[in-house]
file work_28.cif (mmCIF, C-alpha atoms)
data_run
#
loop_
_atom_site.group_PDB
_atom_site.id
_atom_site.type_symbol
_atom_site.label_atom_id
_atom_site.label_comp_id
_atom_site.auth_asym_id
_atom_site.auth_seq_id
_atom_site.Cartn_x
_atom_site.Cartn_y
_atom_site.Cartn_z
ATOM 1 C CA MET A 12 14.585 63.597 -68.453
ATOM 2 C CA ALA A 13 11.552 62.978 -66.254
ATOM 3 C CA ASN A 14 8.464 65.118 -66.621
ATOM 4 C CA GLU A 15 7.776 67.866 -64.151
ATOM 5 C CA PHE A 16 5.053 67.065 -61.640
ATOM 6 C CA LYS A 17 2.146 69.502 -61.197
ATOM 7 C CA HIS A 18 -0.095 70.132 -58.190
ATOM 8 C CA LEU A 19 -3.268 71.937 -59.332
ATOM 9 C CA VAL A 20 -5.904 73.168 -56.899
ATOM 10 C CA LEU A 21 -9.194 74.829 -57.861
ATOM 11 C CA VAL A 22 -10.707 76.590 -54.872
ATOM 12 C CA LYS A 23 -13.816 78.361 -53.707
ATOM 13 C CA PHE A 24 -12.952 80.174 -50.489
ATOM 14 C CA LYS A 25 -15.448 80.759 -47.687
ATOM 15 C CA GLU A 26 -17.236 84.133 -47.787
ATOM 16 C CA ASP A 27 -15.480 85.770 -44.801
ATOM 17 C CA VAL A 28 -11.939 84.768 -45.736
ATOM 18 C CA VAL A 29 -9.278 87.348 -46.646
ATOM 19 C CA VAL A 30 -8.071 85.390 -49.667
ATOM 20 C CA GLU A 31 -4.978 87.522 -50.274
ATOM 21 C CA ASP A 32 -3.679 86.716 -46.772
ATOM 22 C CA ILE A 33 -4.043 82.974 -47.357
ATOM 23 C CA LEU A 34 -2.358 83.165 -50.756
ATOM 24 C CA LYS A 35 0.507 85.258 -49.322
ATOM 25 C CA GLN A 36 1.067 82.552 -46.714
ATOM 26 C CA LEU A 37 1.097 79.909 -49.437
ATOM 27 C CA GLU A 38 3.532 81.959 -51.526
ATOM 28 C CA LYS A 39 5.811 82.312 -48.484
ATOM 29 C CA LEU A 40 5.649 78.547 -47.935
ATOM 30 C CA ALA A 41 6.474 77.828 -51.586
ATOM 31 C CA ASN A 42 9.475 80.167 -51.405
ATOM 32 C CA GLU A 43 10.756 78.596 -48.171
ATOM 33 C CA ILE A 44 10.704 75.019 -49.444
ATOM 34 C CA ASP A 45 13.235 74.455 -52.236
ATOM 35 C CA LEU A 46 11.367 71.422 -53.583
ATOM 36 C CA VAL A 47 8.824 73.802 -55.142
ATOM 37 C CA LYS A 48 10.174 74.645 -58.594
ATOM 38 C CA SER A 49 7.472 77.228 -59.316
ATOM 39 C CA PHE A 50 4.256 78.551 -57.814
ATOM 40 C CA VAL A 51 1.509 80.541 -59.527
ATOM 41 C CA TRP A 52 -2.052 81.424 -58.641
ATOM 42 C CA GLY A 53 -4.822 83.408 -60.196
ATOM 43 C CA LYS A 54 -8.419 84.465 -59.772
ATOM 44 C CA ASP A 55 -10.876 83.703 -62.530
ATOM 45 C CA THR A 56 -12.092 86.871 -64.224
ATOM 46 C CA GLU A 57 -13.344 85.657 -67.582
ATOM 47 C CA SER A 58 -15.345 82.454 -67.278
ATOM 48 C CA HIS A 59 -19.096 82.134 -67.064
ATOM 49 C CA GLU A 60 -20.216 80.995 -63.602
ATOM 50 C CA MET A 61 -21.823 77.907 -65.113
ATOM 51 C CA LEU A 62 -18.382 76.819 -66.314
ATOM 52 C CA THR A 63 -16.533 77.562 -63.063
ATOM 53 C CA GLN A 64 -19.055 75.734 -60.857
ATOM 54 C CA GLY A 65 -18.338 78.311 -58.160
ATOM 55 C CA TYR A 66 -14.556 77.879 -58.107
ATOM 56 C CA THR A 67 -12.825 81.256 -58.069
ATOM 57 C CA HIS A 68 -9.078 80.613 -57.757
ATOM 58 C CA ALA A 69 -6.497 78.298 -59.300
ATOM 59 C CA ILE A 70 -3.222 77.398 -57.612
ATOM 60 C CA ILE A 71 -0.446 75.563 -59.461
ATOM 61 C CA MET A 72 2.797 74.286 -58.001
ATOM 62 C CA THR A 73 5.466 72.642 -60.107
ATOM 63 C CA PHE A 74 7.964 70.089 -58.835
ATOM 64 C CA ASN A 75 10.866 68.394 -60.607
ATOM 65 C CA SER A 76 9.404 64.963 -59.844
ATOM 66 C CA LYS A 77 6.603 63.079 -58.138
ATOM 67 C CA GLU A 78 9.094 62.197 -55.420
ATOM 68 C CA ASP A 79 9.741 65.895 -54.725
ATOM 69 C CA TYR A 80 5.980 66.466 -54.488
ATOM 70 C CA ASN A 81 5.575 63.556 -52.064
ATOM 71 C CA THR A 82 8.385 64.920 -49.909
ATOM 72 C CA TYR A 83 6.824 68.398 -50.001
ATOM 73 C CA VAL A 84 3.380 67.267 -48.805
ATOM 74 C CA SER A 85 4.916 65.537 -45.811
ATOM 75 C CA HIS A 86 7.017 68.598 -44.880
ATOM 76 C CA PRO A 87 5.931 69.935 -41.462
ATOM 77 C CA LYS A 88 5.354 73.447 -42.849
ATOM 78 C CA ASP A 89 3.026 72.122 -45.568
ATOM 79 C CA VAL A 90 1.197 69.905 -43.089
ATOM 80 C CA GLN A 91 0.647 72.954 -40.873
ATOM 81 C CA PHE A 92 -0.521 75.129 -43.795
ATOM 82 C CA SER A 93 -2.862 72.396 -45.081
ATOM 83 C CA ALA A 94 -4.542 72.208 -41.671
ATOM 84 C CA LEU A 95 -5.293 75.945 -41.946
ATOM 85 C CA PHE A 96 -6.243 75.769 -45.639
ATOM 86 C CA VAL A 97 -9.040 73.249 -45.134
ATOM 87 C CA THR A 98 -10.688 75.621 -42.646
ATOM 88 C CA VAL A 99 -10.910 78.536 -45.119
ATOM 89 C CA ILE A 100 -12.232 76.776 -48.209
ATOM 90 C CA ASP A 101 -15.804 76.067 -49.154
ATOM 91 C CA LYS A 102 -14.747 73.464 -51.714
ATOM 92 C CA ALA A 103 -11.745 72.404 -53.759
ATOM 93 C CA VAL A 104 -10.665 70.124 -56.570
ATOM 94 C CA VAL A 105 -7.094 68.825 -56.497
ATOM 95 C CA LEU A 106 -5.252 67.196 -59.389
ATOM 96 C CA ASN A 107 -1.664 65.916 -59.192
ATOM 97 C CA PHE A 108 -0.093 64.831 -62.450
ATOM 98 C CA PRO A 109 3.087 64.475 -64.479
ATOM 99 C CA ALA A 110 3.146 67.317 -66.999
ATOM 100 C CA VAL A 111 3.056 66.464 -70.678
ATOM 101 C CA SER A 112 4.411 69.252 -72.835
ATOM 102 C CA GLY A 113 2.297 70.057 -75.874
ATOM 103 C CA LYS A 114 4.287 73.128 -76.873
ATOM 104 C CA ALA A 115 7.654 74.396 -75.718
ATOM 105 C CA SER A 116 7.999 78.093 -74.975
#
call {"tool": "encode", "arguments": {"input": "work_28.cif", "output": "structure tokens"}}
result
Amino acid sequence: MANEFKHLVLVKFKEDVVVEDILKQLEKLANEIDLVKSFVWGKDTESHEMLTQGYTHAIIMTFNSKEDYNTYVSHPKDVQFSALFVTVIDKAVVLNFPAVSGKAS
């Protein structure tokens, strides 16, 4: 079986952005597009600022395969959301990778 494919985004939003509204839109998008196997996000509450380098939120989407991810990012709804997303972020780091399981749940 092929490894799941992960889309990880670390974000620092612009000061005047209502972050919850943006994340609700992203959650709606993830629920509307069946290619997204799972979607989680969180706000850092524990790390020292020196370690976060200003990033405040993490977003993780899981796909069954790299092919599903590639199809997702070309979906018109994701293209539209991405155009909005780039206007509300101060900076971001994006990593896309096949997941390697170190411990099964």
call {"tool": "resolve_selection", "arguments": {"input": "work_28.cif", "expression": "the PyMOL selection byres ((chain A and resi 111) around 12)", "output": "PyMOL selection string"}}
result
chain A and resi 13-17+108-110+112-115
call {"tool": "closest_residue", "arguments": {"input": "work_28.cif", "among": "A:Ala94, A:Val47, A:Ala41, A:Val20", "to": "Lys77 of chain A", "atoms": "all atoms listed in the file"}}
result
A:Val47
call {"tool": "resolve_selection", "arguments": {"input": "work_28.cif", "expression": "the PyMOL selection byres ((chain A and resi 57-69) around 12)", "output": "MDAnalysis selection string"}}
result
chainID A and resid 18:26 30:31 33:34 50:56 70:72 100:106
call {"tool": "atom_distance", "arguments": {"input": "work_28.cif", "atom1": "atom CA of Leu95 of chain A", "atom2": "atom CA of Gln36 of chain A"}}
result
10.3 Å
call {"tool": "atom_distance", "arguments": {"input": "work_28.cif", "atom1": "atom CA of Phe96 of chain A", "atom2": "atom CA of Leu40 of chain A"}}
result
12.4 Å
call {"tool": "decode", "arguments": {"input": "work_28.cif", "residues": "segment 72-89 of chain A", "atoms": "N, CA and C atoms", "output": "PDB file, in the first residue's frame"}}
result
ATOM      1  N   MET A  72      -3.096  18.657   5.852  1.00  0.00           N
ATOM      2  CA  MET A  72      -4.067  17.894   5.071  1.00  0.00           C
ATOM      3  C   MET A  72      -3.428  16.572   4.689  1.00  0.00           C
ATOM      4  N   THR A  73      -4.223  15.534   4.715  1.00  0.00           N
ATOM      5  CA  THR A  73      -3.751  14.203   4.342  1.00  0.00           C
ATOM      6  C   THR A  73      -4.507  13.734   3.106  1.00  0.00           C
ATOM      7  N   PHE A  74      -3.762  13.154   2.187  1.00  0.00           N
ATOM      8  CA  PHE A  74      -4.321  12.606   0.950  1.00  0.00           C
ATOM      9  C   PHE A  74      -3.898  11.146   0.841  1.00  0.00           C
ATOM     10  N   ASN A  75      -4.638  10.355   0.098  1.00  0.00           N
ATOM     11  CA  ASN A  75      -4.273   8.952  -0.086  1.00  0.00           C
ATOM     12  C   ASN A  75      -3.011   8.789  -0.925  1.00  0.00           C
ATOM     13  N   SER A  76      -2.727   9.775  -1.779  1.00  0.00           N
ATOM     14  CA  SER A  76      -1.564   9.658  -2.666  1.00  0.00           C
ATOM     15  C   SER A  76      -1.120  11.038  -3.138  1.00  0.00           C
ATOM     16  N   LYS A  77       0.079  11.082  -3.681  1.00  0.00           N
ATOM     17  CA  LYS A  77       0.589  12.320  -4.274  1.00  0.00           C
ATOM     18  C   LYS A  77      -0.310  12.746  -5.437  1.00  0.00           C
ATOM     19  N   GLU A  78      -0.810  11.790  -6.167  1.00  0.00           N
ATOM     20  CA  GLU A  78      -1.687  12.078  -7.297  1.00  0.00           C
ATOM     21  C   GLU A  78      -2.970  12.777  -6.834  1.00  0.00           C
ATOM     22  N   ASP A  79      -3.532  12.317  -5.719  1.00  0.00           N
ATOM     23  CA  ASP A  79      -4.722  12.972  -5.161  1.00  0.00           C
ATOM     24  C   ASP A  79      -4.396  14.409  -4.768  1.00  0.00           C
ATOM     25  N   TYR A  80      -3.238  14.612  -4.153  1.00  0.00           N
ATOM     26  CA  TYR A  80      -2.818  15.970  -3.781  1.00  0.00           C
ATOM     27  C   TYR A  80      -2.698  16.855  -5.020  1.00  0.00           C
ATOM     28  N   ASN A  81      -2.040  16.344  -6.053  1.00  0.00           N
ATOM     29  CA  ASN A  81      -1.867  17.124  -7.284  1.00  0.00           C
ATOM     30  C   ASN A  81      -3.210  17.479  -7.926  1.00  0.00           C
ATOM     31  N   THR A  82      -4.148  16.559  -7.877  1.00  0.00           N
ATOM     32  CA  THR A  82      -5.485  16.838  -8.394  1.00  0.00           C
ATOM     33  C   THR A  82      -6.172  17.900  -7.543  1.00  0.00           C
ATOM     34  N   TYR A  83      -6.024  17.794  -6.224  1.00  0.00           N
ATOM     35  CA  TYR A  83      -6.628  18.755  -5.302  1.00  0.00           C
ATOM     36  C   TYR A  83      -6.137  20.180  -5.564  1.00  0.00           C
ATOM     37  N   VAL A  84      -4.832  20.368  -5.704  1.00  0.00           N
ATOM     38  CA  VAL A  84      -4.304  21.731  -5.856  1.00  0.00           C
ATOM     39  C   VAL A  84      -4.681  22.369  -7.189  1.00  0.00           C
ATOM     40  N   SER A  85      -5.119  21.570  -8.132  1.00  0.00           N
ATOM     41  CA  SER A  85      -5.576  22.149  -9.395  1.00  0.00           C
ATOM     42  C   SER A  85      -7.106  22.292  -9.444  1.00  0.00           C
ATOM     43  N   HIS A  86      -7.791  21.869  -8.376  1.00  0.00           N
ATOM     44  CA  HIS A  86      -9.240  21.993  -8.299  1.00  0.00           C
ATOM     45  C   HIS A  86      -9.609  23.480  -8.249  1.00  0.00           C
ATOM     46  N   PRO A  87     -10.597  23.902  -9.022  1.00  0.00           N
ATOM     47  CA  PRO A  87     -10.969  25.324  -9.052  1.00  0.00           C
ATOM     48  C   PRO A  87     -11.256  25.935  -7.676  1.00  0.00           C
ATOM     49  N   LYS A  88     -11.863  25.170  -6.777  1.00  0.00           N
ATOM     50  CA  LYS A  88     -12.155  25.699  -5.440  1.00  0.00           C
ATOM     51  C   LYS A  88     -10.875  25.943  -4.643  1.00  0.00           C
ATOM     52  N   ASP A  89      -9.871  25.061  -4.795  1.00  0.00           N
ATOM     53  CA  ASP A  89      -8.605  25.281  -4.103  1.00  0.00           C
ATOM     54  C   ASP A  89      -7.837  26.445  -4.725  1.00  0.00           C
TER      55      ASP A  89
END
